[in-house]
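Participant: My structure file structure15.cif, mmCIF, C-alpha atoms, is below:
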data_model
loop_
_atom_site.label_atom_id
_atom_site.label_comp_id
_atom_site.auth_asym_id
_atom_site.auth_seq_id
_atom_site.Cartn_x
_atom_site.Cartn_y
_atom_site.Cartn_z
CA MET A 30 68.96 5.43 33.64
CA PHE A 31 65.95 7.48 32.54
CA ASN A 32 62.84 5.64 31.47
CA ARG A 33 61.21 6.45 28.15
CA ARG A 34 59.01 9.25 29.44
CA GLU A 35 61.90 10.92 31.25
CA MET A 36 63.97 10.80 28.09
CA LEU A 37 61.25 12.67 26.23
CA ARG A 38 60.64 15.07 29.05
CA PHE A 39 64.21 16.11 29.68
CA GLY A 40 65.51 16.12 26.12
CA GLY A 41 68.92 14.52 26.26
CA SER A 42 70.20 12.23 23.55
CA GLY A 43 66.80 11.30 22.15
CA PHE A 44 67.30 7.55 22.78
CA GLY A 45 63.98 7.21 24.61
CA ALA A 46 62.10 8.94 21.80
CA LEU A 47 63.69 6.76 19.16
CA ALA A 48 62.59 3.55 20.82
CA PHE A 49 59.24 4.99 21.87
CA ALA A 50 58.35 6.03 18.32
CA GLY A 51 59.17 2.72 16.71
CA MET A 52 62.71 3.52 15.68
CA ALA A 53 64.64 1.02 17.81
CA ASN A 54 66.17 -0.39 14.65
CA GLN A 55 68.77 2.36 15.11
CA LEU A 56 69.84 0.73 18.41
CA SER A 57 71.42 -2.61 19.13
CA ALA A 58 69.34 -5.51 20.46
CA LYS A 59 71.37 -5.38 23.66
CA GLU A 60 70.41 -1.74 24.22
CA THR A 61 66.68 -2.28 23.63
CA GLY A 62 66.27 -5.70 25.22
CA ASP A 63 62.88 -7.17 26.07
CA SER A 64 61.57 -3.96 27.65
CA VAL A 65 60.71 -2.38 24.28
CA ARG A 66 57.90 -4.85 23.59
CA GLU A 67 56.74 -4.95 27.20
CA ASN A 68 56.55 -1.17 27.54
CA PHE A 69 55.40 -0.37 24.02
CA ALA A 70 52.72 2.28 23.79
CA SER A 71 51.45 4.50 21.04
CA PRO A 72 54.05 7.16 20.17
CA THR A 73 51.29 9.75 20.50
CA SER A 74 50.19 8.69 24.00
CA PRO A 75 49.82 11.71 26.34
CA ARG A 76 53.01 12.70 28.12
CA GLU A 77 53.77 15.12 30.92
CA PRO A 78 55.25 18.54 30.03
CA HIS A 79 58.53 19.81 31.47
CA PHE A 80 56.62 22.12 33.85
CA PRO A 81 52.96 23.03 34.51
CA ALA A 82 51.42 24.22 31.26
CA LYS A 83 49.28 27.30 30.70
CA ALA A 84 47.65 25.79 27.59
CA LYS A 85 46.59 22.28 26.58
CA ARG A 86 46.41 22.88 22.85
CA VAL A 87 47.20 25.33 20.06
CA ILE A 88 45.06 26.74 17.27
CA PHE A 89 47.55 28.23 14.81
CA MET A 90 45.98 30.62 12.29
CA PHE A 91 48.19 31.29 9.30
CA MET A 92 47.45 34.16 6.90
CA GLN A 93 49.59 33.19 3.94
CA GLY A 94 50.91 36.06 1.85
CA GLY A 95 51.94 38.62 4.45
CA PRO A 96 49.12 40.71 6.01
CA SER A 97 49.74 44.44 6.22
CA HIS A 98 50.34 45.15 9.90
CA VAL A 99 50.08 48.93 9.53
CA ASP A 100 46.50 48.51 8.26
CA THR A 101 45.36 45.93 10.82
CA PHE A 102 47.05 45.73 14.23
CA ASP A 103 49.96 48.21 14.27
CA HIS A 104 48.52 51.69 14.71
CA LYS A 105 50.76 54.31 13.03
CA PRO A 106 49.07 57.74 13.18
CA GLU A 107 52.32 59.34 11.99
CA LEU A 108 51.74 57.85 8.55
CA LYS A 109 48.85 60.25 7.99
CA SER A 110 51.06 63.32 8.27
CA LEU A 111 53.80 61.63 6.22
CA HIS A 112 51.48 60.37 3.48
CA GLY A 113 53.00 60.91 0.03
CA LYS A 114 56.48 61.64 1.35
CA THR A 115 59.65 59.62 0.81
CA ALA A 116 61.37 58.70 4.04
CA GLY A 117 64.64 56.97 4.82
CA LYS A 118 65.13 53.53 3.31
CA GLN A 119 61.66 53.40 1.78
CA ASN A 120 61.52 52.67 -1.92
CA GLY A 121 58.43 54.64 -2.84
CA LYS A 122 56.16 57.11 -1.12
CA LEU A 123 54.73 56.49 2.30
CA MET A 124 51.05 55.56 2.27
CA ALA A 125 48.74 56.16 5.20
CA SER A 126 46.29 53.45 6.10
CA PRO A 127 42.90 53.94 4.42
CA TRP A 128 41.25 52.71 7.63
CA ASP A 129 40.85 54.22 11.07
CA PHE A 130 42.00 52.53 14.25
CA THR A 131 39.76 52.62 17.31
CA PRO A 132 40.36 51.76 20.98
CA CYS A 133 38.76 48.38 21.76
CA GLY A 134 37.72 46.75 25.01
CA GLU A 135 38.45 48.00 28.49
CA SER A 136 42.14 47.91 27.64
CA GLY A 137 41.69 50.39 24.79
CA LEU A 138 43.82 48.30 22.46
CA MET A 139 44.03 50.06 19.09
CA ILE A 140 42.68 47.79 16.34
CA SER A 141 41.72 48.62 12.76
CA GLU A 142 38.09 49.16 11.87
CA LEU A 143 38.58 46.21 9.51
CA PHE A 144 37.94 43.96 12.55
CA PRO A 145 34.70 45.13 14.21
CA ASN A 146 33.91 41.68 15.63
CA LEU A 147 37.41 40.67 16.66
CA GLY A 148 37.87 44.04 18.35
CA LYS A 149 35.28 42.95 20.93
CA HIS A 150 37.81 40.38 22.14
CA ALA A 151 40.65 42.89 22.52
CA ASP A 152 40.98 42.24 26.24
CA HIS A 153 41.98 38.64 25.48
CA MET A 154 44.53 39.61 22.82
CA CYS A 155 48.24 40.36 22.99
CA LEU A 156 49.52 42.21 19.93
CA ILE A 157 53.22 41.57 19.29
CA ASN A 158 54.08 44.56 17.09
CA SER A 159 57.80 43.84 16.96
CA MET A 160 57.98 40.61 15.00
CA HIS A 161 60.76 40.09 12.46
CA THR A 162 62.06 37.17 10.44
CA ASP A 163 65.04 36.34 8.23
CA ASN A 164 63.81 36.55 4.65
CA PRO A 165 61.14 38.49 2.68
CA ALA A 166 60.44 35.71 0.15
CA HIS A 167 57.17 33.82 0.58
CA PRO A 168 58.39 30.18 0.26
CA VAL A 169 61.25 30.37 2.74
CA ALA A 170 59.47 32.73 5.15
CA THR A 171 56.49 30.37 5.21
CA LEU A 172 58.78 27.45 6.03
CA MET A 173 60.46 29.56 8.70
CA ALA A 174 57.11 30.29 10.33
CA HIS A 175 56.22 26.59 10.39
CA THR A 176 59.55 24.82 10.97
CA GLY A 177 62.00 27.43 12.23
CA ALA A 178 64.33 26.80 9.28
CA LEU A 179 64.85 28.41 5.89
CA ASN A 180 67.19 26.14 4.00
CA PHE A 181 66.74 22.63 5.37
CA VAL A 182 63.93 20.14 5.79
CA ARG A 183 62.99 20.30 9.46
CA PRO A 184 60.04 19.06 11.55
CA SER A 185 57.10 21.44 11.74
CA MET A 186 56.09 23.12 14.97
CA GLY A 187 53.00 20.90 15.26
CA SER A 188 55.18 17.81 14.96
CA TRP A 189 57.46 19.02 17.74
CA VAL A 190 54.45 19.67 19.97
CA LEU A 191 53.04 16.20 19.30
CA TYR A 192 56.47 14.64 19.87
CA GLY A 193 56.77 16.37 23.22
CA LEU A 194 53.24 15.99 24.58
CA GLY A 195 51.37 13.34 22.61
CA THR A 196 47.63 13.77 22.25
CA GLU A 197 44.59 13.25 24.44
CA ASN A 198 42.44 11.31 21.94
CA GLN A 199 43.99 8.15 20.56
CA ASP A 200 41.22 7.82 17.96
CA LEU A 201 42.34 11.00 16.24
CA PRO A 202 45.59 12.45 14.90
CA GLY A 203 47.21 14.77 17.42
CA PHE A 204 48.22 17.30 14.76
CA ILE A 205 45.68 18.35 12.13
CA THR A 206 46.14 20.99 9.45
CA ILE A 207 43.02 22.32 7.72
CA ASN A 208 43.42 23.90 4.29
CA PRO A 209 47.24 24.09 4.63
CA PRO A 210 49.28 26.78 2.81
CA GLY A 211 49.51 26.07 -0.93
CA ASN A 212 52.72 25.18 -2.74
CA LEU A 213 54.92 27.44 -0.60
CA GLY A 214 56.77 24.67 1.18
CA GLY A 215 53.93 22.23 0.62
CA ALA A 216 53.82 19.25 2.97
CA GLN A 217 57.03 20.41 4.66
CA ASN A 218 54.89 22.94 6.55
CA TYR A 219 53.22 20.10 8.42
CA GLY A 220 55.75 17.30 7.93
CA SER A 221 57.75 15.50 10.61
CA ALA A 222 61.05 15.44 8.65
CA PHE A 223 63.46 13.28 10.69
CA LEU A 224 61.02 12.84 13.58
CA PRO A 225 59.11 9.55 13.32
CA ALA A 226 56.20 9.72 10.89
CA ALA A 227 53.67 9.30 13.71
CA PHE A 228 54.23 12.98 14.51
CA GLN A 229 53.47 14.47 11.10
CA GLY A 230 50.34 16.53 10.52
CA THR A 231 47.19 15.08 9.00
CA ARG A 232 45.70 17.20 6.24
CA VAL A 233 41.96 17.89 6.42
CA ASN A 234 40.09 19.47 3.52
CA VAL A 235 37.09 21.77 3.63
CA GLY A 236 34.41 20.23 1.42
CA GLY A 237 34.30 16.71 -0.03
CA ASP A 238 36.11 13.93 1.81
CA PRO A 239 37.82 15.59 4.79
CA ILE A 240 40.78 13.21 4.62
CA ALA A 241 41.80 11.62 1.33
CA ASN A 242 41.45 7.83 1.15
CA ILE A 243 40.16 7.55 4.73
CA ARG A 244 36.79 6.01 3.88
CA GLY A 245 36.91 2.23 3.73
CA LYS A 246 35.56 0.59 0.56
CA LYS A 247 34.69 -2.67 2.32
CA ASP A 248 32.09 -3.53 4.91
CA PRO A 249 33.60 -2.54 8.30
CA ARG A 250 33.32 -6.10 9.62
CA ARG A 251 35.14 -7.52 6.58
CA GLN A 252 37.74 -4.80 6.82
CA ARG A 253 38.26 -5.56 10.50
CA ARG A 254 38.82 -9.26 9.70
CA GLN A 255 41.28 -8.33 6.97
CA LEU A 256 43.13 -6.00 9.32
CA ASP A 257 43.19 -8.66 12.03
CA LEU A 258 44.85 -11.05 9.59
CA ILE A 259 47.49 -8.46 8.67
CA GLN A 260 48.07 -7.61 12.33
CA SER A 261 48.44 -11.27 13.25
CA MET A 262 51.20 -11.58 10.66
CA ASN A 263 52.80 -8.41 11.99
CA LYS A 264 52.68 -9.77 15.53
CA ASP A 265 54.19 -13.03 14.35
CA LEU A 266 57.02 -11.01 12.84
CA VAL A 267 57.45 -9.22 16.15
CA ALA A 268 57.83 -12.55 17.92
CA ARG A 269 60.62 -13.57 15.52
CA SER A 270 62.36 -10.20 15.23
CA LYS A 271 65.06 -8.68 17.38
CA ASP A 272 64.17 -5.14 16.29
CA GLU A 273 60.44 -5.47 16.85
CA SER A 274 59.45 -1.91 17.83
CA LEU A 275 59.50 -0.71 14.21
CA VAL A 276 56.78 -3.27 13.47
CA ASP A 277 54.98 -2.17 16.64
CA GLY A 278 54.84 1.31 15.17
CA ILE A 279 53.27 -0.04 11.97
CA ILE A 280 50.72 -2.02 13.97
CA ASP A 281 49.78 1.13 15.85
CA SER A 282 49.44 3.20 12.67
CA TYR A 283 47.09 0.64 11.08
CA GLU A 284 44.87 0.63 14.14
CA LEU A 285 44.71 4.45 14.23
CA ALA A 286 43.80 4.59 10.54
CA PHE A 287 40.99 2.09 11.12
CA ARG A 288 39.60 4.07 14.06
CA MET A 289 39.85 7.34 12.11
CA GLN A 290 37.44 6.01 9.49
CA SER A 291 34.61 6.40 11.94
CA SER A 292 35.87 9.20 14.20
CA VAL A 293 37.15 11.79 11.72
CA PRO A 294 34.30 12.11 9.19
CA ASP A 295 31.72 12.57 11.96
CA LEU A 296 33.88 15.04 13.81
CA VAL A 297 34.50 17.38 10.87
CA ASP A 298 30.95 17.09 9.53
CA ILE A 299 29.15 20.18 10.81
CA ALA A 300 25.73 19.16 9.45
CA GLY A 301 24.52 18.54 12.98
CA GLU A 302 25.37 22.03 14.17
CA SER A 303 22.46 24.41 14.68
CA GLU A 304 21.61 27.07 12.13
CA ALA A 305 22.33 29.68 14.78
CA THR A 306 25.86 28.33 15.18
CA LYS A 307 26.45 28.31 11.43
CA GLU A 308 25.14 31.85 11.20
CA ARG A 309 27.40 32.97 14.03
CA TYR A 310 30.49 31.57 12.27
CA GLY A 311 29.46 33.09 8.93
CA ILE A 312 29.11 29.71 7.25
CA ASN A 313 25.92 30.75 5.47
CA ALA A 314 27.62 33.71 3.75
CA LYS A 315 29.89 33.21 0.73
CA GLU A 316 32.57 35.65 1.94
CA THR A 317 33.03 34.01 5.36
CA SER A 318 31.98 30.43 4.64
CA ASN A 319 35.39 28.81 4.10
CA PHE A 320 37.16 30.28 7.10
CA GLY A 321 34.03 29.95 9.19
CA MET A 322 34.02 26.22 8.42
CA GLN A 323 37.66 25.99 9.45
CA CYS A 324 37.07 27.82 12.73
CA LEU A 325 34.09 25.66 13.62
CA MET A 326 36.05 22.51 12.77
CA ALA A 327 38.91 23.80 14.94
CA ARG A 328 36.53 24.19 17.87
CA ARG A 329 35.19 20.65 17.41
CA LEU A 330 38.70 19.20 17.10
CA SER A 331 39.78 21.09 20.23
CA GLU A 332 36.87 19.64 22.17
CA ALA A 333 37.82 16.17 20.93
CA GLY A 334 41.36 16.42 22.32
CA VAL A 335 43.48 17.25 19.25
CA ARG A 336 46.71 18.87 20.45
CA PHE A 337 47.72 21.12 17.55
CA ILE A 338 45.34 22.49 14.91
CA GLU A 339 46.32 24.77 12.05
CA ILE A 340 43.83 26.69 9.95
CA ALA A 341 44.89 28.86 7.05
CA THR A 342 43.77 31.25 4.36
CA ARG A 343 45.65 32.55 1.34
CA GLY A 344 45.66 35.70 -0.76
CA TRP A 345 47.20 38.26 1.63
CA ASP A 346 49.93 39.28 -0.84
CA GLN A 347 48.63 42.76 -1.71
CA HIS A 348 51.17 44.38 -4.03
CA ASN A 349 48.31 46.38 -5.50
CA ASN A 350 44.65 47.14 -4.90
CA LEU A 351 45.20 47.00 -1.13
CA LYS A 352 42.04 48.91 -0.26
CA THR A 353 39.71 46.39 -1.86
CA ALA A 354 41.69 43.17 -1.42
CA LEU A 355 42.71 43.61 2.23
CA ALA A 356 39.19 44.62 3.21
CA LYS A 357 37.93 41.41 1.61
CA ASN A 358 40.55 39.31 3.43
CA CYS A 359 39.79 40.82 6.82
CA HIS A 360 36.04 40.49 6.36
CA SER A 361 36.45 36.78 5.56
CA ILE A 362 38.10 36.03 8.93
CA ASP A 363 36.76 38.66 11.34
CA GLN A 364 33.39 37.10 12.17
CA PRO A 365 34.63 33.47 12.21
CA ILE A 366 37.53 34.16 14.59
CA ALA A 367 35.30 36.18 16.91
CA ALA A 368 32.76 33.33 16.94
CA LEU A 369 35.48 30.79 17.72
CA MET A 370 36.80 32.86 20.62
CA SER A 371 33.29 33.36 21.99
CA ASP A 372 32.54 29.65 21.74
CA LEU A 373 35.78 28.66 23.45
CA GLU A 374 35.16 31.19 26.23
CA GLN A 375 31.58 30.03 26.72
CA ARG A 376 32.74 26.41 26.99
CA GLY A 377 35.49 27.29 29.49
CA MET A 378 38.17 26.35 26.94
CA LEU A 379 39.71 29.70 26.00
CA ASP A 380 41.98 29.77 29.04
CA GLU A 381 43.46 26.41 28.02
CA THR A 382 43.60 27.01 24.25
CA LEU A 383 46.44 29.11 22.83
CA ILE A 384 45.36 30.98 19.70
CA VAL A 385 48.15 32.27 17.44
CA TRP A 386 47.44 34.53 14.44
CA THR A 387 50.27 35.39 12.05
CA GLY A 388 51.53 35.62 8.49
CA GLU A 389 55.02 34.85 7.25
CA PHE A 390 55.87 38.58 7.35
CA GLY A 391 54.21 41.99 6.96
CA ARG A 392 54.12 44.83 4.42
CA THR A 393 56.01 48.06 3.97
CA PRO A 394 54.49 51.42 4.96
CA ALA A 395 55.40 52.70 1.48
CA GLU A 396 53.21 52.24 -1.56
CA GLN A 397 54.54 50.03 -4.34
CA ASN A 398 55.00 51.83 -7.65
CA ASN A 399 51.78 53.84 -7.30
CA PHE A 400 49.78 50.58 -7.55
CA GLY A 401 47.94 51.10 -4.26
CA GLY A 402 49.66 48.13 -2.58
CA ARG A 403 52.62 47.40 -0.31
CA ARG A 404 55.84 45.39 -0.64
CA HIS A 405 56.98 42.46 1.49
CA ASN A 406 58.45 43.43 4.85
CA ASN A 407 60.31 40.96 7.07
CA ARG A 408 61.87 43.71 9.23
CA GLY A 409 58.71 44.39 11.21
CA PHE A 410 55.21 42.91 11.40
CA THR A 411 52.51 41.82 13.86
CA THR A 412 51.53 38.48 15.35
CA TRP A 413 48.83 38.25 17.99
CA LEU A 414 48.09 35.64 20.64
CA ALA A 415 45.07 35.02 22.84
CA GLY A 416 43.83 32.58 25.47
CA GLY A 417 46.02 29.83 26.92
CA GLY A 418 47.80 31.88 29.59
CA VAL A 419 48.39 34.96 27.43
CA LYS A 420 48.35 38.36 29.11
CA GLY A 421 45.42 39.96 27.29
CA GLY A 422 44.70 43.55 26.34
CA ILE A 423 48.34 44.48 25.80
CA ARG A 424 50.64 45.55 23.01
CA TYR A 425 54.19 44.20 23.21
CA GLY A 426 57.11 45.75 21.33
CA SER A 427 56.94 48.28 18.55
CA THR A 428 58.13 49.21 15.10
CA ASP A 429 59.53 52.61 14.17
CA PRO A 430 57.09 55.53 13.70
CA THR A 431 56.18 54.45 10.17
CA GLY A 432 55.96 50.70 10.87
CA ASP A 433 58.93 49.70 8.75
CA THR A 434 61.30 48.08 11.27
CA ALA A 435 60.93 46.48 14.71
CA ILE A 436 62.89 48.58 17.17
CA GLU A 437 61.64 47.88 20.70
CA ASN A 438 61.44 44.46 22.38
CA LYS A 439 62.08 42.73 19.08
CA VAL A 440 60.62 39.22 18.72
CA HIS A 441 62.11 36.85 16.16
CA THR A 442 60.32 33.80 14.78
CA HIS A 443 62.57 31.63 17.00
CA ASP A 444 61.39 33.63 20.02
CA LEU A 445 57.76 33.13 19.03
CA HIS A 446 58.27 29.36 18.71
CA ALA A 447 60.03 29.21 22.08
CA THR A 448 57.15 31.14 23.65
CA ILE A 449 54.46 28.91 22.12
CA LEU A 450 56.22 25.83 23.52
CA HIS A 451 56.51 27.58 26.90
CA PHE A 452 52.73 28.09 27.08
CA LEU A 453 52.42 24.32 26.56
CA GLY A 454 54.81 23.58 29.41
CA LEU A 455 57.75 22.70 27.15
CA ASP A 456 61.28 24.05 27.49
CA HIS A 457 62.43 24.61 23.90
CA THR A 458 66.05 23.95 24.86
CA LYS A 459 65.18 20.49 26.23
CA LEU A 460 62.74 19.35 23.57
CA THR A 461 65.44 17.76 21.43
CA TYR A 462 65.84 14.83 19.07
CA ARG A 463 69.14 13.22 18.15
CA TYR A 464 69.56 12.89 14.41
CA SER A 465 72.70 12.40 12.35
CA GLY A 466 74.92 12.82 15.42
CA ARG A 467 73.38 16.07 16.64
CA ASP A 468 70.59 17.12 19.02
CA PHE A 469 68.04 19.14 17.03
CA ARG A 470 65.24 21.35 18.32
CA LEU A 471 62.54 23.61 16.85
CA THR A 472 64.48 26.77 17.67
CA ASP A 473 67.89 25.45 16.52
CA VAL A 474 70.38 27.20 18.85
CA TYR A 475 68.31 30.40 19.20
CA GLY A 476 65.11 31.62 20.77
CA ASN A 477 64.08 33.37 23.99
CA VAL A 478 60.73 33.05 25.73
CA VAL A 479 58.84 36.37 25.77
CA LYS A 480 57.96 36.13 29.46
CA GLU A 481 56.40 39.60 29.55
CA ILE A 482 53.32 38.34 27.67
CA VAL A 483 52.71 35.37 29.99
CA ALA A 484 49.85 35.96 32.43
#
Would it be possible to restate this file's structure as structure tokens?
Facilitator:
Amino acid sequence: MFNRREMLRFGGSGFGALAFAGMANQLSAKETGDSVRENFASPTSPREPHFPAKAKRVIFMFMQGGPSHVDTFDHKPELKSLHGKTAGKQNGKLMASPWDFTPCGESGLMISELFPNLGKHADHMCLINSMHTDNPAHPVATLMAHTGALNFVRPSMGSWVLYGLGTENQDLPGFITINPPGNLGGAQNYGSAFLPAAFQGTRVNVGGDPIANIRGKKDPRRQRRQLDLIQSMNKDLVARSKDESLVDGIIDSYELAFRMQSSVPDLVDIAGESEATKERYGINAKETSNFGMQCLMARRLSEAGVRFIEIATRGWDQHNNLKTALAKNCHSIDQPIAALMSDLEQRGMLDETLIVWTGEFGRTPAEQNNFGGRRHNNRGFTTWLAGGGVKGGIRYGSTDPTGDTAIENKVHTHDLHATILHFLGLDHTKLTYRYSGRDFRLTDVYGNVVKEIVA
């Protein structure tokens, strides 16, 4: 019979994961026996991947609202000659991009002039120009990007990663989301759903207390004595209980929360960073301060061993005033992302950190009602990846000549999720969890790894 780690590693029925994560109450005492207590470890302890991994961690950058791919990373010169014309299925007149695209890096990757700093890292980037997803509505498309599901509550991608691999630093959460997407799916975007709660994301705020209610109100020594009393009662309950691993899970969560009181505030406090570093990330400028803070925090969390980090920014839903609004959006992230990539490369971490940049969908090449904006477009958009074993300086897949629909080497959201797991050494078909009589996975019954972008 497989041991606990093998159960997690090879998928299967999910029995090992249930016991491991403090859910042995779903099993009979005969099935769990004495080994549960003897072998108990934190549910987030590091675990081996299915096969050698390209990346150790993920920094997932989510641009909520649907960035316009034809103005950023999907070069469509044909739109200039078609500007003002009605074509095919387009509802409205085609609108050329107001910005030029230029070849960047030794690879000559075509990137919009909106990203002068990021363009310097073109040789690390893989532009997937053939993304598509199932629905053009923000709430469900956002959930799809995070959980792989539109209509049901499912574990988020970060939770699946933590469930499969654990985390390197037991004093910190393994899955942290900074400034998560607003009310479009809310906590479901970083929730663990039916996976044990130990695998849900921890929300970190920019400004004020980084984590709500994390600061203790008592003297640490008094708090430690109080916690020791509670834990002694919990351990006494364990000694008298047949289904003790659920209590073990509670004991572990209390200890992590106590350790986080000292580890998290210091880690996300950038006051000790040099002025040069803050300047490089754009923290001293109003337009780039928020995302610069997130990128710098992501670097610090990566160094500390956090497995999955999400950073996000809103306001990419340009139905009108595209020229001003999109320029503002791109300016707010360009310098911070470039600084993050430079820092990771300088520290020798870029090759082991998978960076993913995406929105929930893209925009149409046609103008919306002469308002100077673009409609939602789930038929074709761009996601880019860098670092962590990604083949850099390439463009994969394509949309049609106007950028409306993915036509070549199409990549669905399920394929993207399968590929992200692959970079981490996880087989998406084996990373399963048995719930309500069925084996579930991030990609449901779909998904193909895009092997052509793996270095």
Participant: For a quick check of understanding, using only C-alpha atoms, which of A:Ala368, A:Gly418, A:Ala356, A:Arg392 has the smallest distance to Tyr310 in chain A?
Facilitator: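 Comparing A:Ala368, A:Gly418, A:Ala356, A:Arg392 against Tyr310 in chain A, the winner is A:Ala368.
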Participant: With 12 Å as the cut-off and only C-alpha atoms counted, what is the closest atom pair between each nearby residue of range 332-390 of chain A and range 447-450 of chain A? Distances in Å to one decimal, ordered by chain and number, as a Markdown table.
Facilitator:
| residue | atom | partner | partner_atom | distance |
| --- | --- | --- | --- | --- |
| A:Phe337 | CA | A:Ile449 | CA | 11.3 |
| A:Thr382 | CA | A:Ile449 | CA | 11.2 |
| A:Leu383 | CA | A:Ile449 | CA | 8.1 |
| A:Ile384 | CA | A:Ile449 | CA | 9.6 |
| A:Val385 | CA | A:Ile449 | CA | 8.5 |
| A:Trp386 | CA | A:Ile449 | CA | 11.8 |
Participant: Please measure the separation of CA of Ile338 in chain A and CA of Thr206 in chain A, giving the value in Å to one decimal.
Facilitator: 5.7 Å
Participant: Centre and edge lengths of an axis-aligned box around all listed atoms of range 172-191 of chain A, with 8 Å added on each side, are to be given in Å to one decimal, as lines of an AutoDock Vina configuration file.
Facilitator:
center_x = 60.1
center_y = 23.2
center_z = 12.0
size_x = 30.2
size_y = 30.1
size_z = 32.0
Participant: So, counting all atoms listed in the file, which residue among A:Lys122, A:Thr196, A:His175, A:His167 is closest to Phe400 in chain A?
Facilitator: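 Among A:Lys122, A:Thr196, A:His175, A:His167, it is A:Lys122 that comes nearest to Phe400 in chain A.
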Participant: Between CA of Asp163 in chain A and CA of Gly214 in chain A, what distance in Å does the model show, to one decimal?
Facilitator: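 Atom-to-atom, CA of Asp163 in chain A and CA of Gly214 in chain A are spaced 15.9 Å apart.
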Participant: Can you spell out as a ChimeraX atom specification the set of residues that the PyMOL selection byres ((chain A and resi 331) around 10) selects in the structure I just provided?
Facilitator: /A:85-88,325-330,332-338,373,378,382
Participant: For this structure, which residues satisfy the selection - the PyMOL selection byres ((chain A and resi 148) around 9) - when it is evaluated on the file as given? I want them as an mmCIF file with C-alpha atoms, keeping the file's coordinate frame.
Facilitator:
data_model
loop_
_atom_site.group_PDB
_atom_site.id
_atom_site.type_symbol
_atom_site.label_atom_id
_atom_site.label_comp_id
_atom_site.auth_asym_id
_atom_site.auth_seq_id
_atom_site.Cartn_x
_atom_site.Cartn_y
_atom_site.Cartn_z
ATOM 1 C CA THR A 131 39.760 52.620 17.310
ATOM 2 C CA PRO A 132 40.360 51.760 20.980
ATOM 3 C CA CYS A 133 38.760 48.380 21.760
ATOM 4 C CA GLY A 134 37.720 46.750 25.010
ATOM 5 C CA LEU A 138 43.820 48.300 22.460
ATOM 6 C CA MET A 139 44.030 50.060 19.090
ATOM 7 C CA ILE A 140 42.680 47.790 16.340
ATOM 8 C CA SER A 141 41.720 48.620 12.760
ATOM 9 C CA GLU A 142 38.090 49.160 11.870
ATOM 10 C CA PHE A 144 37.940 43.960 12.550
ATOM 11 C CA PRO A 145 34.700 45.130 14.210
ATOM 12 C CA ASN A 146 33.910 41.680 15.630
ATOM 13 C CA LEU A 147 37.410 40.670 16.660
ATOM 14 C CA LYS A 149 35.280 42.950 20.930
ATOM 15 C CA HIS A 150 37.810 40.380 22.140
ATOM 16 C CA ALA A 151 40.650 42.890 22.520
ATOM 17 C CA ASP A 152 40.980 42.240 26.240
ATOM 18 C CA ASP A 363 36.760 38.660 11.340
ATOM 19 C CA ALA A 367 35.300 36.180 16.910
#
Participant: Provide the CA of Arg232 in chain A to CA of Ala216 in chain A distance in Å, to one decimal place.
Facilitator: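 Straight-line distance from CA of Arg232 in chain A to CA of Ala216 in chain A works out to 9.0 Å.
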